>>> print(open('entry00.cif').read())   # mmCIF, C-alpha atoms
data_work
#
loop_
_atom_site.label_atom_id
_atom_site.label_comp_id
_atom_site.auth_asym_id
_atom_site.auth_seq_id
_atom_site.Cartn_x
_atom_site.Cartn_y
_atom_site.Cartn_z
CA MET A 26 -4.65 -18.87 -19.87
CA THR A 27 -5.49 -15.41 -18.51
CA GLY A 28 -8.01 -13.82 -16.16
CA ASP A 29 -9.86 -15.94 -13.63
CA THR A 30 -8.32 -19.18 -14.81
CA ILE A 31 -6.61 -22.17 -13.34
CA THR A 32 -2.81 -22.06 -13.38
CA GLN A 33 -0.12 -24.62 -12.67
CA ASP A 34 3.65 -24.39 -12.52
CA VAL A 35 5.16 -26.01 -15.59
CA GLY A 36 8.42 -26.90 -13.87
CA ALA A 37 6.77 -28.51 -10.82
CA THR A 38 4.11 -31.06 -11.71
CA THR A 39 3.50 -31.85 -8.05
CA ALA A 40 2.33 -28.28 -7.24
CA PRO A 41 -1.45 -28.12 -6.87
CA PRO A 42 -3.28 -25.95 -9.42
CA THR A 43 -4.52 -22.60 -8.14
CA VAL A 44 -7.36 -20.27 -9.06
CA THR A 45 -8.06 -16.61 -8.44
CA PRO A 46 -10.23 -15.57 -5.47
CA GLY A 47 -13.06 -14.59 -7.82
CA TRP A 48 -13.01 -18.02 -9.45
CA ALA A 49 -12.93 -19.78 -6.08
CA ALA A 50 -15.85 -17.71 -4.77
CA ARG A 51 -17.99 -18.66 -7.77
CA GLU A 52 -17.14 -22.35 -7.43
CA LEU A 53 -18.14 -22.28 -3.76
CA GLY A 54 -21.32 -20.30 -4.43
CA LEU A 55 -20.21 -17.40 -2.20
CA LYS A 56 -20.51 -13.69 -2.75
CA ARG A 57 -17.17 -11.96 -3.00
CA GLY A 58 -17.68 -10.21 0.36
CA GLU A 59 -18.48 -13.55 2.02
CA PHE A 60 -15.41 -15.14 0.46
CA ASP A 61 -13.11 -12.30 1.59
CA LEU A 62 -14.41 -12.54 5.15
CA ALA A 63 -13.90 -16.32 5.13
CA VAL A 64 -10.28 -15.78 4.06
CA MET A 65 -9.79 -13.07 6.68
CA LEU A 66 -11.11 -15.32 9.45
CA GLY A 67 -8.98 -18.25 8.34
CA ARG A 68 -11.94 -20.36 7.14
CA ILE A 69 -10.45 -20.48 3.62
CA ARG A 70 -6.70 -20.67 3.13
CA THR A 71 -4.88 -18.87 0.33
CA VAL A 72 -1.34 -19.05 -1.02
CA GLY A 73 0.99 -16.32 -2.23
CA GLU A 74 3.42 -16.85 -5.08
CA THR A 75 5.59 -13.73 -4.62
CA PRO A 76 5.86 -11.03 -1.92
CA GLY A 77 3.16 -8.45 -2.54
CA GLY A 78 1.63 -10.57 -5.29
CA ARG A 79 -2.01 -11.52 -5.61
CA ARG A 80 -2.97 -14.47 -3.45
CA ARG A 81 -4.70 -17.51 -4.92
CA VAL A 82 -6.64 -20.57 -3.79
CA THR A 83 -5.60 -24.17 -4.40
CA ARG A 84 -7.97 -26.70 -5.89
CA GLU A 85 -7.35 -28.87 -2.85
CA GLU A 86 -8.62 -26.09 -0.57
CA ILE A 87 -11.82 -25.68 -2.59
CA ASP A 88 -12.47 -29.42 -2.35
CA ARG A 89 -11.83 -29.31 1.41
CA VAL A 90 -14.34 -26.49 1.99
CA ARG A 91 -17.16 -28.22 0.16
CA GLY A 92 -16.13 -31.72 1.25
CA SER A 93 -19.16 -32.46 3.46
CA GLU A 94 -22.85 -31.83 2.96
CA GLY A 95 -23.95 -28.44 4.21
CA SER A 96 -20.42 -27.20 4.78
CA VAL A 97 -20.74 -24.26 2.39
CA GLU A 98 -24.01 -23.17 4.02
CA ALA A 99 -22.42 -23.37 7.46
CA LEU A 100 -19.47 -21.35 6.18
CA ARG A 101 -21.79 -18.70 4.76
CA GLU A 102 -23.59 -18.38 8.09
CA SER A 103 -20.33 -18.12 10.03
CA VAL A 104 -19.21 -15.11 7.98
CA ARG A 105 -22.53 -13.25 7.96
CA ALA A 106 -21.91 -9.58 8.74
CA VAL A 107 -24.61 -7.24 10.04
CA GLY A 108 -24.91 -3.55 10.74
CA THR A 109 -26.00 -1.73 13.88
CA ALA A 110 -29.77 -2.19 13.53
CA GLU A 111 -29.65 -5.91 12.74
CA GLY A 112 -26.93 -6.48 15.32
CA ALA A 113 -29.00 -4.80 18.04
CA GLU A 114 -31.95 -6.98 17.09
CA LEU A 115 -29.83 -10.14 17.37
CA MET A 116 -28.68 -9.09 20.84
CA HIS A 117 -32.16 -7.93 21.93
CA ILE A 118 -30.97 -4.44 22.83
CA SER A 119 -31.58 -0.97 21.45
CA SER A 120 -29.50 0.44 18.60
CA ALA A 121 -28.27 3.22 20.91
CA ARG A 122 -26.94 0.71 23.48
CA PHE A 123 -25.36 -1.35 20.69
CA THR A 124 -23.51 1.74 19.42
CA ARG A 125 -22.30 2.60 22.93
CA LEU A 126 -20.98 -0.93 23.43
CA ALA A 127 -19.16 -0.76 20.08
CA ARG A 128 -17.67 2.68 20.81
CA ALA A 129 -16.49 1.45 24.21
CA GLY A 130 -14.63 -1.43 22.54
CA PHE A 131 -16.80 -4.36 23.61
CA LEU A 132 -17.89 -5.14 20.05
CA THR A 133 -15.22 -5.27 17.33
CA PRO A 134 -16.17 -4.46 13.71
CA VAL A 135 -15.14 -6.98 11.10
CA LYS A 136 -15.39 -4.60 8.13
CA PHE A 137 -16.75 -1.24 7.03
CA TYR A 138 -17.92 0.63 3.96
CA LEU A 139 -18.97 4.16 3.01
CA ASN A 140 -22.59 4.81 2.12
CA ARG A 141 -23.81 7.29 -0.48
CA TYR A 142 -23.35 10.15 2.02
CA ARG A 143 -19.76 9.05 2.72
CA ALA A 144 -20.72 8.01 6.23
CA VAL A 145 -18.81 5.07 7.70
CA VAL A 146 -20.99 1.99 8.16
CA TRP A 147 -19.44 -0.56 10.53
CA GLN A 148 -20.38 -4.22 10.27
CA TYR A 149 -19.99 -7.02 12.81
CA LEU A 150 -20.01 -10.80 12.71
CA ALA A 151 -23.47 -12.04 13.60
CA GLU A 152 -21.90 -15.14 15.16
CA GLU A 153 -19.79 -13.04 17.56
CA LEU A 154 -22.75 -10.87 18.56
CA LYS A 155 -24.79 -13.94 19.45
CA HIS A 156 -22.00 -15.35 21.60
CA PHE A 157 -21.58 -12.00 23.37
CA ALA A 158 -25.28 -11.76 24.15
CA GLU A 159 -25.45 -15.36 25.39
CA SER A 160 -22.54 -14.96 27.83
CA GLU A 161 -23.55 -14.45 31.46
CA LEU A 162 -20.52 -12.20 31.94
CA HIS A 163 -22.10 -9.49 29.80
CA GLY A 164 -25.53 -9.38 31.41
CA ALA A 165 -24.85 -6.05 33.18
CA LEU A 166 -23.79 -4.44 29.91
CA LEU A 167 -26.93 -5.50 28.08
CA LYS A 168 -29.44 -4.39 30.70
CA GLY A 169 -29.71 -1.62 33.23
CA ARG A 170 -27.40 1.33 33.77
CA MET A 171 -23.93 1.16 32.25
CA PRO A 172 -20.84 1.52 34.50
CA GLU A 173 -19.99 5.09 35.51
CA THR A 174 -16.45 4.93 34.09
CA MET A 175 -17.71 3.72 30.75
CA ARG A 176 -20.35 6.45 30.54
CA GLY A 177 -17.75 9.10 31.36
CA GLN A 178 -15.40 7.92 28.63
CA LEU A 179 -18.19 7.88 26.06
CA GLU A 180 -19.25 11.40 27.01
CA GLU A 181 -15.65 12.51 26.40
CA GLY A 182 -15.90 11.17 22.84
CA GLN A 183 -14.30 7.75 23.15
CA ASP A 184 -14.75 5.65 20.01
CA LEU A 185 -12.63 2.50 19.70
CA ARG A 186 -14.34 1.07 16.63
CA ALA A 187 -11.64 2.15 14.17
CA ARG A 188 -8.81 1.12 16.49
CA ASN A 189 -10.31 -2.31 17.12
CA TRP A 190 -10.88 -2.81 13.40
CA ARG A 191 -7.24 -1.88 12.66
CA GLY A 192 -6.05 -4.42 15.22
CA ARG A 193 -8.19 -7.13 13.68
CA HIS A 194 -7.14 -6.17 10.15
CA ALA A 195 -3.43 -6.19 11.08
CA GLY A 196 -3.77 -9.62 12.67
CA PHE A 197 -5.35 -10.98 9.49
CA LEU A 198 -2.60 -9.56 7.28
CA LEU A 199 0.17 -10.85 9.54
CA ARG A 200 -1.31 -14.35 9.53
CA GLN A 201 -1.32 -14.31 5.72
CA SER A 202 2.23 -12.99 5.37
CA GLU A 203 5.11 -15.44 5.10
CA ASP A 204 7.62 -12.76 4.09
CA ALA A 205 9.39 -10.48 6.60
CA TRP A 206 9.13 -7.41 4.36
CA GLU A 207 5.39 -7.99 3.91
CA ARG A 208 4.94 -8.12 7.69
CA ALA A 209 6.91 -4.88 8.08
CA ALA A 210 4.76 -3.29 5.37
CA THR A 211 1.65 -4.28 7.30
CA MET A 212 2.86 -2.37 10.35
CA ALA A 213 3.90 0.61 8.21
CA SER A 214 0.51 0.71 6.47
CA LEU A 215 -1.16 1.69 9.75
CA LEU A 216 1.23 4.59 10.51
CA ASP A 217 1.24 8.05 8.97
CA PRO A 218 4.11 8.98 6.59
CA VAL A 219 5.84 11.15 9.22
CA GLN A 220 6.09 8.22 11.63
CA ILE A 221 7.41 5.97 8.86
CA ALA A 222 10.05 8.51 7.79
CA GLU A 223 11.32 8.75 11.37
CA ILE A 224 11.77 4.99 11.63
CA VAL A 225 12.78 4.03 8.08
CA ARG A 226 15.51 6.48 7.04
CA ASP A 227 16.51 4.63 3.86
CA PRO A 228 14.39 5.93 0.93
CA TYR A 229 14.70 2.64 -0.97
CA GLU A 230 13.38 0.71 2.03
CA ARG A 231 10.45 3.16 2.34
CA ALA A 232 9.67 2.73 -1.35
CA TYR A 233 9.75 -1.07 -1.01
CA LEU A 234 7.44 -1.00 2.02
CA ASN A 235 5.07 1.27 0.12
CA ARG A 236 5.07 -1.15 -2.83
CA LEU A 237 4.14 -4.04 -0.53
CA ARG A 238 1.56 -1.93 1.32
CA PRO A 239 -1.77 -3.81 1.56
CA VAL A 240 -4.73 -1.96 0.04
CA PRO A 241 -8.10 -2.53 1.76
CA ARG A 242 -11.02 -3.52 -0.43
CA SER A 243 -12.99 -0.77 1.34
CA SER A 244 -11.14 1.90 -0.69
CA GLN A 245 -13.50 3.86 -2.89
CA GLY A 246 -12.67 6.18 -5.77
CA GLY A 247 -9.25 7.53 -6.68
CA SER A 248 -6.44 8.24 -4.26
CA ASP A 249 -7.48 11.91 -3.99
CA SER A 250 -11.23 11.33 -3.69
CA PRO A 251 -13.09 12.28 -0.47
CA GLY A 252 -13.91 8.63 0.13
CA ALA A 253 -10.25 7.65 -0.13
CA HIS A 254 -9.32 10.28 2.48
CA ILE A 255 -11.92 8.89 4.89
CA VAL A 256 -10.60 5.35 4.41
CA GLU A 257 -7.02 6.57 4.89
CA LYS A 258 -8.01 8.21 8.18
CA ILE A 259 -9.57 4.97 9.42
CA MET A 260 -6.47 3.05 8.32
CA THR A 261 -4.07 5.37 10.20
CA ALA A 262 -3.40 4.85 13.91
CA ASP A 263 -4.26 7.85 16.11
CA ASP A 264 -4.14 6.41 19.64
CA PRO A 265 -0.81 6.97 21.47
CA ASP A 266 -0.63 3.40 22.81
CA GLU A 267 -1.47 1.99 19.41
CA ILE A 268 1.18 4.15 17.71
CA ARG A 269 3.86 3.06 20.19
CA TRP A 270 3.03 -0.59 19.60
CA LEU A 271 3.11 -0.17 15.81
CA ARG A 272 6.42 1.73 15.89
CA SER A 273 8.11 -0.93 18.02
CA SER A 274 6.65 -3.71 15.84
CA LEU A 275 7.92 -1.97 12.70
CA LEU A 276 11.41 -1.63 14.16
CA ILE A 277 11.52 -5.33 15.03
CA GLY A 278 10.10 -6.22 11.63
CA LEU A 279 12.76 -4.19 9.83
CA VAL A 280 15.55 -6.00 11.68
CA GLN A 281 14.09 -9.34 10.62
CA ALA A 282 13.49 -8.20 7.02
CA ARG A 283 17.01 -6.81 6.56
CA ALA A 284 18.47 -10.06 7.85
CA GLU A 285 16.39 -11.95 5.28
CA ARG A 286 17.34 -9.79 2.26
CA PRO A 287 18.05 -6.14 1.44
CA ALA A 288 15.42 -3.91 -0.12
CA PRO A 289 15.68 -3.61 -3.92
CA ARG A 290 17.86 -0.79 -5.21
CA PRO A 291 18.45 0.58 -8.71
CA ALA A 292 21.32 -0.96 -10.67
CA PRO A 293 24.54 1.10 -10.61
CA ARG A 294 25.09 3.30 -13.65
CA ALA A 295 27.72 2.23 -16.19
CA ALA A 296 30.93 4.29 -16.28
CA PRO A 297 30.98 6.87 -19.16
CA GLU A 298 33.13 6.05 -22.18
CA PRO A 299 36.48 7.90 -22.33
CA VAL A 300 36.51 11.04 -24.54
CA THR A 301 38.88 10.93 -27.53
CA PRO A 302 41.89 13.22 -26.81
CA ALA A 303 41.94 16.41 -28.88
CA THR A 304 45.58 15.94 -29.82
CA GLU A 305 44.70 13.05 -32.11
CA TRP A 306 43.23 15.43 -34.69
CA MET A 307 45.29 18.58 -33.90
CA SER A 308 48.55 19.58 -35.54
CA PRO A 309 51.59 19.65 -33.24
CA SER A 310 51.51 23.44 -33.13
CA ASP A 311 47.80 23.46 -32.24
CA ALA A 312 48.39 20.90 -29.48
CA ALA A 313 51.18 23.06 -28.06
CA ALA A 314 48.82 26.02 -28.04
CA THR A 315 46.27 23.99 -26.16
CA ASP A 316 48.87 22.99 -23.55
CA THR A 317 49.68 26.68 -22.90
CA GLY A 318 46.03 27.57 -22.43
CA THR A 319 45.57 29.08 -25.93
CA ALA A 320 42.48 28.09 -27.89
CA ALA A 321 43.39 25.68 -30.67
CA PHE A 322 41.69 24.84 -33.96
CA PRO A 323 42.26 22.12 -36.55
CA ALA A 324 45.02 22.93 -39.02
CA THR A 325 42.63 23.22 -41.94
CA ALA A 326 40.32 25.53 -40.01
CA ALA A 327 43.29 27.77 -38.99
CA ALA A 328 44.51 28.01 -42.58
CA THR A 329 41.07 28.95 -43.85
CA ALA A 330 40.72 31.63 -41.19
CA MET A 331 44.13 33.12 -42.04
CA ALA A 332 43.34 33.23 -45.78
CA SER A 333 40.01 34.93 -45.08
CA ALA A 334 41.76 37.54 -42.92
CA ALA A 335 44.32 38.23 -45.70
CA ASP A 336 41.56 38.75 -48.27
CA SER A 337 39.85 41.20 -45.93
CA VAL A 338 43.06 43.20 -45.49
CA HIS A 339 43.64 43.33 -49.29
CA GLU A 340 40.08 44.55 -49.91
CA SER A 341 40.46 47.24 -47.24
CA ARG A 342 43.69 48.57 -48.82
CA GLY A 343 42.07 48.74 -52.26
CA LEU A 344 39.14 50.71 -50.89
CA MET A 345 41.46 53.22 -49.21
CA LYS A 346 43.35 53.83 -52.52
CA TRP A 347 40.04 54.44 -54.35
CA LEU A 348 38.90 56.95 -51.72
CA ARG A 349 42.21 58.85 -51.92
CA ARG A 350 41.88 59.21 -55.72
CA ARG A 351 38.43 60.81 -55.32
CA ARG A 352 39.70 63.61 -53.00
CA PRO A 353 39.61 67.11 -54.67
#
>>> encode(input="entry00.cif", output="structure tokens")
Amino acid sequence: MTGDTITQDVGATTAPPTVTPGWAARELGLKRGEFDLAVMLGRIRTVGETPGGRRRVTREEIDRVRGSEGSVEALRESVRAVGTAEGAELMHISSARFTRLARAGFLTPVKFYLNRYRAVVWQYLAEELKHFAESELHGALLKGRMPETMRGQLEEGQDLRARNWRGRHAGFLLRQSEDAWERAATMASLLDPVQIAEIVRDPYERAYLNRLRPVPRSSQGGSDSPGAHIVEKIMTADDPDEIRWLRSSLLIGLVQARAERPAPRPAPRAAPEPVTPATEWMSPSDAAATDTGTAAFPATAAATAMASAADSVHESRGLMKWLRRRRP
């Protein structure tokens, strides 16, 4: 069966059947965005068949999620994502204060998308925003004047929303990965190509990491589209501390991956077949000429050439005799 269908290993009857994420989302009555967030937060478990392959959901996991009454509704509420305006309303603060708190790193986005104007729209878990607003520790941040240090950093342009999202996204990918090369590819996916080339000198290892590179569902358009460039910028670390952490994590990950197995390499080329020696079809005299550096031809070709030269000489002599007879 193909597409969003149930599959089962023929050779292992004890393996539970699995379905695609789209199939699982429909069975649970979730939108695809809600399902993806549930997987990211660990509320729904998935399995991977091969490194870099598409992950699937077991039938047992689907039954577990909808095992009790109201469990799917509770799951849907726990993964509800809201934007700035709705988030500010949940926290009973202004949208401007909400944005300042997010830029300062107090509120971590859970996902993002680009609107029709290619502006980045950050979204946050409604559940997390409620807990933040209900905590007594955050009362000073929600009301009154913000701390002087925080205001100074924001005036200088501080914006930690992308960095915090990258950290959350990396944690999700690492939790899903059971393969050392996949974990190394996760670290590499957040670094720019120059950083990767400095750390991973082997071109075959770089190609393998690129093949296992996770692609965010937020990507829009082709690889060269303006939207794709914006997403790539968000996906690439730009903070010095963040870059140092990613570089060291990639180095450690490479050591672990190489110990597990080498990166795939092309098969070695077969040795060329030996060329038939020329002496097998040359006459002994021709072969001797070849040995002394003289160009050699097959015996039949040499005989033909000599006969042609003799005919030319004979014709030339006849022409000269005819010309002499016509002299006065």
>>> resolve_selection(input="entry00.cif", expression="the PyMOL selection byres ((chain A and resi 231) around 12)", output="PyMOL selection string")
chain A and resi 206+209-210+213-214+218-230+232-238+275+279+288-290
>>> resolve_selection(input="entry00.cif", expression="the PyMOL selection byres ((chain A and resi 86) around 10)", output="PyMOL selection string")
chain A and resi 41+43+49+69-71+82-85+87-92
>>> write_last_selection(input="entry00.cif", atoms="C-alpha atoms", output="compact mmCIF listing (two decimals), in the frame of the given file")
# COMPACT_ATOMS: atom_id res chain seq x y z
CA PRO A 41 -1.45 -28.12 -6.87
CA THR A 43 -4.52 -22.60 -8.14
CA ALA A 49 -12.93 -19.78 -6.08
CA ILE A 69 -10.45 -20.48 3.62
CA ARG A 70 -6.70 -20.67 3.13
CA THR A 71 -4.88 -18.87 0.33
CA VAL A 82 -6.64 -20.57 -3.79
CA THR A 83 -5.60 -24.17 -4.40
CA ARG A 84 -7.97 -26.70 -5.89
CA GLU A 85 -7.35 -28.87 -2.85
CA ILE A 87 -11.82 -25.68 -2.59
CA ASP A 88 -12.47 -29.42 -2.35
CA ARG A 89 -11.83 -29.31 1.41
CA VAL A 90 -14.34 -26.49 1.99
CA ARG A 91 -17.16 -28.22 0.16
CA GLY A 92 -16.13 -31.72 1.25
>>> atom_distance(input="entry00.cif", atom1="atom CA of Leu166 of chain A", atom2="atom CA of Arg193 of chain A")
22.7 Å
>>> atom_distance(input="entry00.cif", atom1="atom CA of Phe157 of chain A", atom2="atom CA of Leu62 of chain A")
19.6 Å
>>> atom_distance(input="entry00.cif", atom1="atom CA of Ala205 of chain A", atom2="atom CA of Val72 of chain A")
15.7 Å
>>> residues_around(input="entry00.cif", residues="segment 113-119 of chain A", least_positions_apart="4", cutoff="12 Å", atoms="all atoms listed in the file", output="PyMOL selection string")
chain A and resi 106-109+123-127+132+148-160+163-164+166-169
>>> closest_residue(input="entry00.cif", among="A:Arg105, A:Ser93, A:Gly182, A:Arg191", to="Thr133 of chain A", atoms="all atoms listed in the file")
A:Arg191
>>> residues_near_point(input="entry00.cif", point="(-19.5, -13.6, 0.0)", cutoff="12 Å", atoms="all atoms listed in the file", output="list of chain:residue names")
A:Pro46, A:Gly47, A:Ala49, A:Ala50, A:Arg51, A:Glu52, A:Leu53, A:Gly54, A:Leu55, A:Lys56, A:Arg57, A:Gly58, A:Glu59, A:Phe60, A:Asp61, A:Leu62, A:Ala63, A:Val64, A:Met65, A:Ile69, A:Val97, A:Glu98, A:Leu100, A:Arg101, A:Glu102, A:Ser103, A:Val104, A:Arg105, A:Ala106
